[in-house]
Amino acid sequence: MASIEPERLPSAFTNTAWVRPSFSLNLIHVDSRESPLYPGKLSDLQRFHRLLQLPKSQDSYFNNILHKNEIGTKSIINPTTIRPPGNALRHVFIVHMNLGSNSTPVSLLLDTGSNFVWTQCQPCKSCFRQNAPVFDPRNSRSYRKLLSNHRFAPFFNCTNGRNCTYSTRYNGGGFSKGVVSVETFSLKTHTGGTERVNNVVFGCGHENSLGGTDYKGGMTGVLGMDRFYTSFIRQLGSQSSSLRRFSYCLYEILNPTRTRGFLRFGNDIVIPNQERVRKTPFLSLPNSSRYVVRILDISIGRYRLNVKSGPCIVDSGYGASAIEQKSYSAMLSFLIRHFDQFNLQRIRDSRYKADLCYNRPRNFSNFPTMTFHFQDADLEIVPTSLFLIRPQYFCLAMRGETNQTVLGAFQQRNVRFVFDLGEDKLLFLKEDCSRDGN
């Protein structure tokens, strides 16, 4: 089977006729009680530790971006492989859907680092454990295979007059191989209704692996939404033009009872205070399909760290932000000096996992803010999104990482992010995300 070429890869959600040009999906945190991956009752520290580990790579994403074509010797750029090694498919959010005329439930990992949608299908030659019934195309009247005369056939490995196949791989060992198919997806919206989407092109996976990550049988596949997500919308005209924008507003991601959010598309994205919107352009980096912006510097309070300008990945699949190691060291040094002036007792207990934790005196609230200075826009990170703050202690909710900076989910809370792929810009503004959907 041939690997998919990313610059030519159609996204499942761009090859369809939508019921209406806007909708919102429930976005479920992996630790939510609504999640099939709910880990049960955990302490604050256990949840915080899980947050810091989502995902944790040993090597830089930017040092692991080339993938060799399975059928040749030429190196190609494949966004489905541009993932940190290790827990490459360890993500924070899940989207539930139903597939086919028989409405088989599927639970897909939201992945902003790849651009193909697939789920496990019968017959399974080699599949990971799945608690829900595996989708069986033979039981769905609306299912059909994508044939070699289909207009999107040139983007896959097809044989004249026969089926088209795909093969997509992720760093860390995850992969999916199968038949390119066309089916109806039913999407449960935040209002309790259902959007039926016909003629969705997706991967029906017969050989699949999640790369050794244990999802307790709760996952069925991946919903890829990287920057090639709308590569084919431009060919479909105004009917799908509003779907060039998607948005989310994250609220509480450590409380298992308050971790639901909404993934909004098109006209369901409402921004009442346009004058407060900040915009920064996406970078077009070689070998990269992820959402990357340019970070110029980082400030703590009014103090500029004078970090080296460079790329910053925006990825809700990271539980907490990762800062390029040299910049992170400068940040730690400044924070230690800041808290030393209050004679706080530093915690060095390994149970806390974070690089910087302190015992918190009663009513202590002298926490600094942090600002990410992006190109043309500043993102202020308030103390409650910079630290895990509890009555008895507080910890820095970031970590260092070799050669890359990633803006993760914990630092994205109470900020609406709009990924505008028509303008090729990231838009953001402060918002009380607890009111999203009210």
# chains A, B, ... in the order shown; residues from 1 in each chain; ligands from 1
>>> residues_around(residues="Phe417 in chain A", least_positions_apart="6", cutoff="12 Å", atoms="only C-alpha atoms", output="PDB file with C-alpha atoms, in the first residue's frame")
ATOM      1  CA  ARG A 245     -13.004  28.170  10.118  1.00  0.00           C
ATOM      2  CA  PHE A 246     -13.228  26.057  13.225  1.00  0.00           C
ATOM      3  CA  SER A 247     -12.991  27.076  16.846  1.00  0.00           C
ATOM      4  CA  TYR A 248     -12.945  25.923  20.440  1.00  0.00           C
ATOM      5  CA  CYS A 249     -12.931  27.525  23.881  1.00  0.00           C
ATOM      6  CA  LEU A 250     -11.463  25.282  26.592  1.00  0.00           C
ATOM      7  CA  PHE A 262     -17.557  22.435  21.759  1.00  0.00           C
ATOM      8  CA  LEU A 263     -15.796  22.187  18.432  1.00  0.00           C
ATOM      9  CA  ARG A 264     -17.529  24.844  16.347  1.00  0.00           C
ATOM     10  CA  PHE A 265     -17.560  25.230  12.588  1.00  0.00           C
ATOM     11  CA  ILE A 269     -18.486  30.643  15.684  1.00  0.00           C
ATOM     12  CA  VAL A 270     -19.819  33.826  17.271  1.00  0.00           C
ATOM     13  CA  ILE A 271     -17.407  36.576  18.335  1.00  0.00           C
ATOM     14  CA  VAL A 277      -9.645  39.805  18.524  1.00  0.00           C
ATOM     15  CA  ARG A 278      -5.925  39.287  18.027  1.00  0.00           C
ATOM     16  CA  LYS A 279      -4.550  37.731  14.837  1.00  0.00           C
ATOM     17  CA  THR A 280      -1.256  36.071  14.025  1.00  0.00           C
ATOM     18  CA  TYR A 291      -0.661  24.779  13.234  1.00  0.00           C
ATOM     19  CA  VAL A 314      -0.569  25.405  18.785  1.00  0.00           C
ATOM     20  CA  ASP A 315      -1.811  21.981  19.828  1.00  0.00           C
ATOM     21  CA  SER A 316      -4.661  21.079  22.178  1.00  0.00           C
ATOM     22  CA  LEU A 379      -1.360  36.232  24.223  1.00  0.00           C
ATOM     23  CA  LEU A 407       1.138  26.076  23.340  1.00  0.00           C
ATOM     24  CA  ALA A 409      -4.384  22.953  26.388  1.00  0.00           C
ATOM     25  CA  GLN A 411      -2.572  27.517  28.787  1.00  0.00           C
ATOM     26  CA  LYS A 425      -4.363  33.023  10.519  1.00  0.00           C
ATOM     27  CA  LEU A 426      -4.932  32.108  14.146  1.00  0.00           C
ATOM     28  CA  LEU A 427      -7.453  34.370  15.866  1.00  0.00           C
ATOM     29  CA  PHE A 428      -7.896  34.518  19.632  1.00  0.00           C
ATOM     30  CA  LEU A 429      -9.503  36.552  22.380  1.00  0.00           C
ATOM     31  CA  LYS A 430     -10.247  36.141  26.078  1.00  0.00           C
ATOM     32  CA  GLU A 431     -13.599  34.551  26.863  1.00  0.00           C
ATOM     33  CA  CYS A 433     -15.370  29.440  28.316  1.00  0.00           C
TER      34      CYS A 433
END
>>> select_by_dssp(residues="range 386-432 of chain A", states="strand (DSSP E or B)", output="ChimeraX atom specification")
/A:387-389,393-396,398-401,405-407,415-420,425-430
>>> residues_around(residues="Tyr352 in chain A", least_positions_apart="5", cutoff="12 Å", atoms="only C-alpha atoms", output="PDB file with N, CA, C and O atoms, in the first residue's frame")
ATOM      1  N   SER A  43      -6.534  11.684  42.240  1.00  0.00           N
ATOM      2  CA  SER A  43      -6.237  12.865  43.040  1.00  0.00           C
ATOM      3  C   SER A  43      -5.866  14.019  42.120  1.00  0.00           C
ATOM      4  O   SER A  43      -5.585  13.835  40.934  1.00  0.00           O
ATOM      5  N   ASP A  44      -5.841  15.218  42.684  1.00  0.00           N
ATOM      6  CA  ASP A  44      -5.408  16.395  41.932  1.00  0.00           C
ATOM      7  C   ASP A  44      -4.023  16.193  41.335  1.00  0.00           C
ATOM      8  O   ASP A  44      -3.770  16.514  40.179  1.00  0.00           O
ATOM      9  N   LEU A  45      -3.108  15.676  42.147  1.00  0.00           N
ATOM     10  CA  LEU A  45      -1.739  15.487  41.683  1.00  0.00           C
ATOM     11  C   LEU A  45      -1.662  14.449  40.576  1.00  0.00           C
ATOM     12  O   LEU A  45      -0.869  14.584  39.643  1.00  0.00           O
ATOM     13  N   GLN A  46      -2.478  13.405  40.669  1.00  0.00           N
ATOM     14  CA  GLN A  46      -2.482  12.396  39.614  1.00  0.00           C
ATOM     15  C   GLN A  46      -2.981  12.971  38.298  1.00  0.00           C
ATOM     16  O   GLN A  46      -2.421  12.706  37.232  1.00  0.00           O
ATOM     17  N   ARG A  47      -4.036  13.776  38.359  1.00  0.00           N
ATOM     18  CA  ARG A  47      -4.545  14.408  37.140  1.00  0.00           C
ATOM     19  C   ARG A  47      -3.526  15.394  36.575  1.00  0.00           C
ATOM     20  O   ARG A  47      -3.342  15.493  35.356  1.00  0.00           O
ATOM     21  N   PHE A  48      -2.873  16.118  37.456  1.00  0.00           N
ATOM     22  CA  PHE A  48      -1.854  17.071  37.022  1.00  0.00           C
ATOM     23  C   PHE A  48      -0.690  16.348  36.363  1.00  0.00           C
ATOM     24  O   PHE A  48      -0.170  16.790  35.330  1.00  0.00           O
ATOM     25  N   HIS A  49      -0.299  15.227  36.930  1.00  0.00           N
ATOM     26  CA  HIS A  49       0.786  14.446  36.343  1.00  0.00           C
ATOM     27  C   HIS A  49       0.401  13.964  34.954  1.00  0.00           C
ATOM     28  O   HIS A  49       1.204  14.017  34.007  1.00  0.00           O
ATOM     29  N   ARG A  50      -0.828  13.478  34.798  1.00  0.00           N
ATOM     30  CA  ARG A  50      -1.291  13.043  33.479  1.00  0.00           C
ATOM     31  C   ARG A  50      -1.273  14.204  32.484  1.00  0.00           C
ATOM     32  O   ARG A  50      -0.907  14.030  31.312  1.00  0.00           O
ATOM     33  N   LEU A  52       0.751  16.791  32.434  1.00  0.00           N
ATOM     34  CA  LEU A  52       2.123  17.086  32.025  1.00  0.00           C
ATOM     35  C   LEU A  52       2.675  16.045  31.075  1.00  0.00           C
ATOM     36  O   LEU A  52       3.640  16.303  30.353  1.00  0.00           O
ATOM     37  N   ARG A 346      10.177  25.801  48.820  1.00  0.00           N
ATOM     38  CA  ARG A 346      10.062  25.025  47.585  1.00  0.00           C
ATOM     39  C   ARG A 346       9.829  23.545  47.896  1.00  0.00           C
ATOM     40  O   ARG A 346      10.419  22.990  48.832  1.00  0.00           O
ATOM     41  N   ILE A 347       8.958  22.909  47.124  1.00  0.00           N
ATOM     42  CA  ILE A 347       8.660  21.481  47.296  1.00  0.00           C
ATOM     43  C   ILE A 347       9.535  20.684  46.339  1.00  0.00           C
ATOM     44  O   ILE A 347       9.541  20.941  45.129  1.00  0.00           O
ATOM     45  N   CYS A 357       7.544  23.699  42.239  1.00  0.00           N
ATOM     46  CA  CYS A 357       6.385  23.692  43.127  1.00  0.00           C
ATOM     47  C   CYS A 357       6.763  24.350  44.458  1.00  0.00           C
ATOM     48  O   CYS A 357       7.923  24.264  44.897  1.00  0.00           O
ATOM     49  N   TYR A 358       5.787  24.982  45.083  1.00  0.00           N
ATOM     50  CA  TYR A 358       6.007  25.637  46.376  1.00  0.00           C
ATOM     51  C   TYR A 358       4.838  25.346  47.312  1.00  0.00           C
ATOM     52  O   TYR A 358       3.696  25.190  46.860  1.00  0.00           O
ATOM     53  N   ASN A 359       5.147  25.299  48.610  1.00  0.00           N
ATOM     54  CA  ASN A 359       4.079  25.371  49.601  1.00  0.00           C
ATOM     55  C   ASN A 359       3.469  26.770  49.527  1.00  0.00           C
ATOM     56  O   ASN A 359       4.189  27.773  49.410  1.00  0.00           O
ATOM     57  N   LEU A 388      -0.778  25.461  38.447  1.00  0.00           N
ATOM     58  CA  LEU A 388      -1.814  24.729  39.170  1.00  0.00           C
ATOM     59  C   LEU A 388      -1.816  25.296  40.581  1.00  0.00           C
ATOM     60  O   LEU A 388      -0.837  25.128  41.318  1.00  0.00           O
ATOM     61  N   TYR A 393      -0.605  24.393  48.048  1.00  0.00           N
ATOM     62  CA  TYR A 393       0.595  24.386  47.196  1.00  0.00           C
ATOM     63  C   TYR A 393       0.257  24.966  45.830  1.00  0.00           C
ATOM     64  O   TYR A 393      -0.913  25.163  45.474  1.00  0.00           O
ATOM     65  N   PHE A 394       1.295  25.227  45.032  1.00  0.00           N
ATOM     66  CA  PHE A 394       1.103  25.580  43.627  1.00  0.00           C
ATOM     67  C   PHE A 394       2.305  25.067  42.828  1.00  0.00           C
ATOM     68  O   PHE A 394       3.411  24.915  43.361  1.00  0.00           O
ATOM     69  N   CYS A 395       2.081  24.781  41.548  1.00  0.00           N
ATOM     70  CA  CYS A 395       3.121  24.226  40.673  1.00  0.00           C
ATOM     71  C   CYS A 395       3.047  24.880  39.303  1.00  0.00           C
ATOM     72  O   CYS A 395       1.958  25.214  38.809  1.00  0.00           O
ATOM     73  N   LEU A 396       4.198  25.048  38.684  1.00  0.00           N
ATOM     74  CA  LEU A 396       4.254  25.535  37.310  1.00  0.00           C
ATOM     75  C   LEU A 396       3.701  24.462  36.383  1.00  0.00           C
ATOM     76  O   LEU A 396       4.136  23.311  36.405  1.00  0.00           O
ATOM     77  N   ALA A 397       2.736  24.850  35.543  1.00  0.00           N
ATOM     78  CA  ALA A 397       2.092  23.896  34.641  1.00  0.00           C
ATOM     79  C   ALA A 397       2.680  23.991  33.239  1.00  0.00           C
ATOM     80  O   ALA A 397       1.977  24.177  32.242  1.00  0.00           O
TER      81      ALA A 397
END
>>> residues_around(residues="range 297-312 of chain A", least_positions_apart="2", cutoff="9 Å", atoms="only C-alpha atoms", output="mmCIF file with all heavy atoms, in the first residue's frame")
data_model
loop_
_atom_site.group_PDB
_atom_site.id
_atom_site.type_symbol
_atom_site.label_atom_id
_atom_site.label_comp_id
_atom_site.auth_asym_id
_atom_site.auth_seq_id
_atom_site.Cartn_x
_atom_site.Cartn_y
_atom_site.Cartn_z
ATOM 1 N N LEU A 283 2.572 29.955 10.090
ATOM 2 C CA LEU A 283 3.815 29.794 9.347
ATOM 3 C C LEU A 283 3.696 28.614 8.393
ATOM 4 O O LEU A 283 3.107 27.587 8.736
ATOM 5 C CB LEU A 283 4.988 29.552 10.299
ATOM 6 C CG LEU A 283 5.368 30.672 11.255
ATOM 7 C CD1 LEU A 283 6.591 30.258 12.070
ATOM 8 C CD2 LEU A 283 5.651 31.960 10.515
ATOM 9 N N LEU A 285 5.940 26.114 7.194
ATOM 10 C CA LEU A 285 7.257 25.522 7.368
ATOM 11 C C LEU A 285 7.423 24.305 6.477
ATOM 12 O O LEU A 285 6.474 23.540 6.284
ATOM 13 C CB LEU A 285 7.468 25.105 8.822
ATOM 14 C CG LEU A 285 7.464 26.211 9.870
ATOM 15 C CD1 LEU A 285 7.713 25.614 11.242
ATOM 16 C CD2 LEU A 285 8.504 27.266 9.557
ATOM 17 N N TYR A 291 -0.351 23.361 13.070
ATOM 18 C CA TYR A 291 -0.661 24.779 13.234
ATOM 19 C C TYR A 291 0.498 25.431 13.979
ATOM 20 O O TYR A 291 0.689 25.228 15.181
ATOM 21 C CB TYR A 291 -1.973 24.949 13.985
ATOM 22 C CG TYR A 291 -3.133 24.354 13.232
ATOM 23 C CD1 TYR A 291 -3.664 23.118 13.584
ATOM 24 C CD2 TYR A 291 -3.677 25.019 12.138
ATOM 25 C CE1 TYR A 291 -4.717 22.566 12.876
ATOM 26 C CE2 TYR A 291 -4.725 24.473 11.418
ATOM 27 C CZ TYR A 291 -5.240 23.248 11.797
ATOM 28 O OH TYR A 291 -6.280 22.701 11.085
ATOM 29 N N VAL A 292 1.279 26.217 13.250
ATOM 30 C CA VAL A 292 2.498 26.815 13.783
ATOM 31 C C VAL A 292 2.448 28.319 13.573
ATOM 32 O O VAL A 292 2.102 28.790 12.489
ATOM 33 C CB VAL A 292 3.745 26.227 13.100
ATOM 34 C CG1 VAL A 292 5.020 26.831 13.694
ATOM 35 C CG2 VAL A 292 3.780 24.713 13.225
ATOM 36 N N VAL A 293 2.759 29.078 14.623
ATOM 37 C CA VAL A 293 2.868 30.528 14.537
ATOM 38 C C VAL A 293 4.262 30.932 15.001
ATOM 39 O O VAL A 293 5.014 30.122 15.552
ATOM 40 C CB VAL A 293 1.790 31.221 15.394
ATOM 41 C CG1 VAL A 293 0.394 30.884 14.876
ATOM 42 C CG2 VAL A 293 1.911 30.834 16.864
ATOM 43 N N ARG A 294 4.608 32.186 14.758
ATOM 44 C CA ARG A 294 5.940 32.650 15.157
ATOM 45 C C ARG A 294 5.879 33.310 16.530
ATOM 46 O O ARG A 294 5.096 34.230 16.745
ATOM 47 C CB ARG A 294 6.512 33.634 14.141
ATOM 48 C CG ARG A 294 7.940 34.122 14.510
ATOM 49 C CD ARG A 294 8.519 35.011 13.441
ATOM 50 N NE ARG A 294 8.624 34.336 12.170
ATOM 51 C CZ ARG A 294 9.579 33.455 11.857
ATOM 52 N NH1 ARG A 294 10.503 33.146 12.753
ATOM 53 N NH2 ARG A 294 9.592 32.892 10.676
ATOM 54 N N ILE A 295 6.703 32.833 17.455
ATOM 55 C CA ILE A 295 6.830 33.473 18.755
ATOM 56 C C ILE A 295 8.094 34.323 18.745
ATOM 57 O O ILE A 295 9.173 33.871 18.358
ATOM 58 C CB ILE A 295 6.853 32.430 19.894
ATOM 59 C CG1 ILE A 295 6.811 33.132 21.254
ATOM 60 C CG2 ILE A 295 8.029 31.471 19.790
ATOM 61 C CD1 ILE A 295 6.525 32.187 22.409
ATOM 62 N N VAL A 314 0.667 25.251 18.014
ATOM 63 C CA VAL A 314 -0.569 25.405 18.785
ATOM 64 C C VAL A 314 -1.291 24.068 18.730
ATOM 65 O O VAL A 314 -1.765 23.656 17.676
ATOM 66 C CB VAL A 314 -1.456 26.527 18.212
ATOM 67 C CG1 VAL A 314 -2.710 26.700 19.054
ATOM 68 C CG2 VAL A 314 -0.672 27.833 18.144
ATOM 69 N N ILE A 323 8.119 24.411 26.519
ATOM 70 C CA ILE A 323 8.926 25.561 26.126
ATOM 71 C C ILE A 323 10.315 25.079 25.728
ATOM 72 O O ILE A 323 10.908 24.214 26.404
ATOM 73 C CB ILE A 323 9.039 26.583 27.276
ATOM 74 C CG1 ILE A 323 7.649 26.955 27.810
ATOM 75 C CG2 ILE A 323 9.791 27.824 26.809
ATOM 76 C CD1 ILE A 323 6.754 27.629 26.816
ATOM 77 N N LYS A 326 16.222 26.114 26.334
ATOM 78 C CA LYS A 326 17.015 27.269 26.757
ATOM 79 C C LYS A 326 16.098 28.372 27.290
ATOM 80 O O LYS A 326 16.384 28.991 28.330
ATOM 81 C CB LYS A 326 17.849 27.786 25.585
ATOM 82 C CG LYS A 326 18.805 28.903 25.963
ATOM 83 C CD LYS A 326 19.700 29.297 24.790
ATOM 84 C CE LYS A 326 20.664 30.408 25.182
ATOM 85 N NZ LYS A 326 21.531 30.804 24.024
ATOM 86 N N SER A 327 14.988 28.610 26.613
ATOM 87 C CA SER A 327 14.028 29.614 27.072
ATOM 88 C C SER A 327 13.385 29.179 28.379
ATOM 89 O O SER A 327 13.130 30.005 29.271
ATOM 90 C CB SER A 327 12.944 29.831 26.009
ATOM 91 O OG SER A 327 13.514 30.229 24.781
ATOM 92 N N ALA A 330 15.636 29.898 31.325
ATOM 93 C CA ALA A 330 15.585 31.320 31.687
ATOM 94 C C ALA A 330 14.293 31.634 32.434
ATOM 95 O O ALA A 330 14.287 32.413 33.403
ATOM 96 C CB ALA A 330 15.695 32.173 30.431
ATOM 97 N N MET A 331 13.195 31.019 32.027
ATOM 98 C CA MET A 331 11.910 31.218 32.683
ATOM 99 C C MET A 331 11.953 30.710 34.113
ATOM 100 O O MET A 331 11.510 31.397 35.049
ATOM 101 C CB MET A 331 10.814 30.480 31.895
ATOM 102 C CG MET A 331 9.433 30.581 32.509
ATOM 103 S SD MET A 331 8.301 29.371 31.774
ATOM 104 C CE MET A 331 8.543 29.709 30.050
ATOM 105 N N PHE A 334 13.950 33.018 36.429
ATOM 106 C CA PHE A 334 13.225 34.230 36.794
ATOM 107 C C PHE A 334 12.144 33.929 37.829
ATOM 108 O O PHE A 334 11.980 34.671 38.805
ATOM 109 C CB PHE A 334 12.596 34.872 35.563
ATOM 110 C CG PHE A 334 11.848 36.137 35.892
ATOM 111 C CD1 PHE A 334 12.512 37.359 35.925
ATOM 112 C CD2 PHE A 334 10.492 36.108 36.184
ATOM 113 C CE1 PHE A 334 11.824 38.526 36.250
ATOM 114 C CE2 PHE A 334 9.805 37.269 36.516
ATOM 115 C CZ PHE A 334 10.478 38.478 36.550
ATOM 116 N N LEU A 335 11.398 32.856 37.624
ATOM 117 C CA LEU A 335 10.323 32.523 38.562
ATOM 118 C C LEU A 335 10.872 32.193 39.945
ATOM 119 O O LEU A 335 10.288 32.572 40.973
ATOM 120 C CB LEU A 335 9.504 31.358 38.027
ATOM 121 C CG LEU A 335 8.600 31.673 36.823
ATOM 122 C CD1 LEU A 335 7.969 30.397 36.286
ATOM 123 C CD2 LEU A 335 7.518 32.680 37.203
ATOM 124 N N PRO A 368 2.765 35.928 39.019
ATOM 125 C CA PRO A 368 2.931 36.749 37.817
ATOM 126 C C PRO A 368 2.110 36.209 36.645
ATOM 127 O O PRO A 368 1.698 35.048 36.636
ATOM 128 C CB PRO A 368 4.424 36.625 37.519
ATOM 129 C CG PRO A 368 4.784 35.257 38.024
ATOM 130 C CD PRO A 368 3.918 35.037 39.245
ATOM 131 N N THR A 369 1.881 37.060 35.684
ATOM 132 C CA THR A 369 1.313 36.629 34.411
ATOM 133 C C THR A 369 2.454 36.322 33.441
ATOM 134 O O THR A 369 3.604 36.670 33.685
ATOM 135 C CB THR A 369 0.414 37.714 33.797
ATOM 136 O OG1 THR A 369 1.210 38.894 33.580
ATOM 137 C CG2 THR A 369 -0.745 38.044 34.714
ATOM 138 N N MET A 370 2.117 35.680 32.351
ATOM 139 C CA MET A 370 3.091 35.421 31.294
ATOM 140 C C MET A 370 2.471 35.865 29.978
ATOM 141 O O MET A 370 1.252 35.752 29.780
ATOM 142 C CB MET A 370 3.457 33.935 31.238
ATOM 143 C CG MET A 370 4.450 33.580 30.136
ATOM 144 S SD MET A 370 4.904 31.817 30.159
ATOM 145 C CE MET A 370 5.922 31.790 31.636
ATOM 146 N N THR A 371 3.298 36.374 29.078
ATOM 147 C CA THR A 371 2.825 36.782 27.763
ATOM 148 C C THR A 371 3.649 36.115 26.682
ATOM 149 O O THR A 371 4.877 36.175 26.712
ATOM 150 C CB THR A 371 2.897 38.316 27.590
ATOM 151 O OG1 THR A 371 2.138 38.945 28.625
ATOM 152 C CG2 THR A 371 2.343 38.730 26.231
ATOM 153 N N PHE A 372 2.951 35.457 25.764
ATOM 154 C CA PHE A 372 3.591 34.958 24.552
ATOM 155 C C PHE A 372 3.470 36.068 23.502
ATOM 156 O O PHE A 372 2.354 36.433 23.108
ATOM 157 C CB PHE A 372 2.895 33.695 24.042
ATOM 158 C CG PHE A 372 3.304 32.431 24.734
ATOM 159 C CD1 PHE A 372 3.735 32.431 26.044
ATOM 160 C CD2 PHE A 372 3.247 31.214 24.068
ATOM 161 C CE1 PHE A 372 4.107 31.270 26.692
ATOM 162 C CE2 PHE A 372 3.613 30.032 24.707
ATOM 163 C CZ PHE A 372 4.045 30.060 26.015
ATOM 164 N N HIS A 373 4.594 36.602 23.073
ATOM 165 C CA HIS A 373 4.594 37.645 22.059
ATOM 166 C C HIS A 373 4.695 36.988 20.686
ATOM 167 O O HIS A 373 5.778 36.619 20.236
ATOM 168 C CB HIS A 373 5.757 38.610 22.289
ATOM 169 C CG HIS A 373 5.721 39.300 23.614
ATOM 170 N ND1 HIS A 373 4.861 40.336 23.901
ATOM 171 C CD2 HIS A 373 6.437 39.077 24.754
ATOM 172 C CE1 HIS A 373 5.055 40.746 25.151
ATOM 173 N NE2 HIS A 373 5.998 39.992 25.690
ATOM 174 N N PHE A 374 3.538 36.812 20.049
ATOM 175 C CA PHE A 374 3.502 36.257 18.710
ATOM 176 C C PHE A 374 3.658 37.378 17.684
ATOM 177 O O PHE A 374 3.554 38.562 18.011
ATOM 178 C CB PHE A 374 2.172 35.537 18.464
ATOM 179 C CG PHE A 374 1.951 34.334 19.328
ATOM 180 C CD1 PHE A 374 0.763 34.180 20.025
ATOM 181 C CD2 PHE A 374 2.924 33.356 19.460
ATOM 182 C CE1 PHE A 374 0.541 33.074 20.818
ATOM 183 C CE2 PHE A 374 2.721 32.232 20.253
ATOM 184 C CZ PHE A 374 1.526 32.098 20.947
ATOM 185 N N GLN A 404 11.770 22.810 20.732
ATOM 186 C CA GLN A 404 10.445 23.198 20.274
ATOM 187 C C GLN A 404 9.639 23.844 21.385
ATOM 188 O O GLN A 404 9.839 23.574 22.564
ATOM 189 C CB GLN A 404 9.686 22.006 19.704
ATOM 190 C CG GLN A 404 9.232 20.992 20.728
ATOM 191 C CD GLN A 404 8.349 19.925 20.100
ATOM 192 O OE1 GLN A 404 8.025 19.972 18.909
ATOM 193 N NE2 GLN A 404 7.938 18.952 20.877
ATOM 194 N N THR A 405 8.710 24.712 20.974
ATOM 195 C CA THR A 405 7.767 25.338 21.882
ATOM 196 C C THR A 405 6.357 24.984 21.418
ATOM 197 O O THR A 405 6.052 25.088 20.227
ATOM 198 C CB THR A 405 7.956 26.865 21.912
ATOM 199 O OG1 THR A 405 9.240 27.168 22.488
ATOM 200 C CG2 THR A 405 6.875 27.540 22.743
ATOM 201 N N VAL A 406 5.522 24.557 22.364
ATOM 202 C CA VAL A 406 4.150 24.152 22.053
ATOM 203 C C VAL A 406 3.203 24.842 23.027
ATOM 204 O O VAL A 406 3.414 24.792 24.241
ATOM 205 C CB VAL A 406 3.975 22.620 22.169
ATOM 206 C CG1 VAL A 406 2.551 22.220 21.786
ATOM 207 C CG2 VAL A 406 4.995 21.875 21.320
ATOM 208 N N LEU A 407 2.181 25.499 22.501
ATOM 209 C CA LEU A 407 1.138 26.076 23.340
ATOM 210 C C LEU A 407 0.089 24.995 23.579
ATOM 211 O O LEU A 407 -0.649 24.619 22.673
ATOM 212 C CB LEU A 407 0.502 27.291 22.655
ATOM 213 C CG LEU A 407 -0.614 27.991 23.431
ATOM 214 C CD1 LEU A 407 -0.081 28.594 24.728
ATOM 215 C CD2 LEU A 407 -1.288 29.050 22.569
#
>>> closest_residue(among="A:Ser176, A:Thr165, A:Ser365, A:Thr220", to="Leu110 in chain A", atoms="only C-alpha atoms")
A:Thr220
>>> select_by_dssp(residues="range 203-371 of chain A", states="alpha helix (DSSP H)", output="number ranges by chain")
A: 325-340
>>> residues_around(residues="range 124-134 of chain A", least_positions_apart="4", cutoff="6 Å", atoms="only C-alpha atoms", output="PyMOL selection string")
chain A and resi 206-209+217
>>> write_last_selection(atoms="N, CA and C atoms", output="JSON list (two decimals), in the first residue's frame")
[["chain", "number", "residue", "atom", "x", "y", "z"],
["A", 206, "HIS", "N", -8.42, -1.87, 8.19],
["A", 206, "HIS", "CA", -8.43, -3.32, 8.45],
["A", 206, "HIS", "C", -7.19, -3.78, 9.19],
["A", 207, "GLU", "N", -6.14, -2.95, 9.19],
["A", 207, "GLU", "CA", -4.92, -3.22, 9.96],
["A", 207, "GLU", "C", -4.57, -1.93, 10.68],
["A", 208, "ASN", "N", -4.66, -1.95, 12.01],
["A", 208, "ASN", "CA", -4.53, -0.71, 12.77],
["A", 208, "ASN", "C", -3.77, -0.93, 14.07],
["A", 209, "SER", "N", -3.09, 0.13, 14.51],
["A", 209, "SER", "CA", -2.41, 0.11, 15.79],
["A", 209, "SER", "C", -2.38, 1.51, 16.36],
["A", 217, "GLY", "N", -9.75, 0.17, 25.12],
["A", 217, "GLY", "CA", -10.80, -0.22, 24.20],
["A", 217, "GLY", "C", -11.76, 0.89, 23.86]]
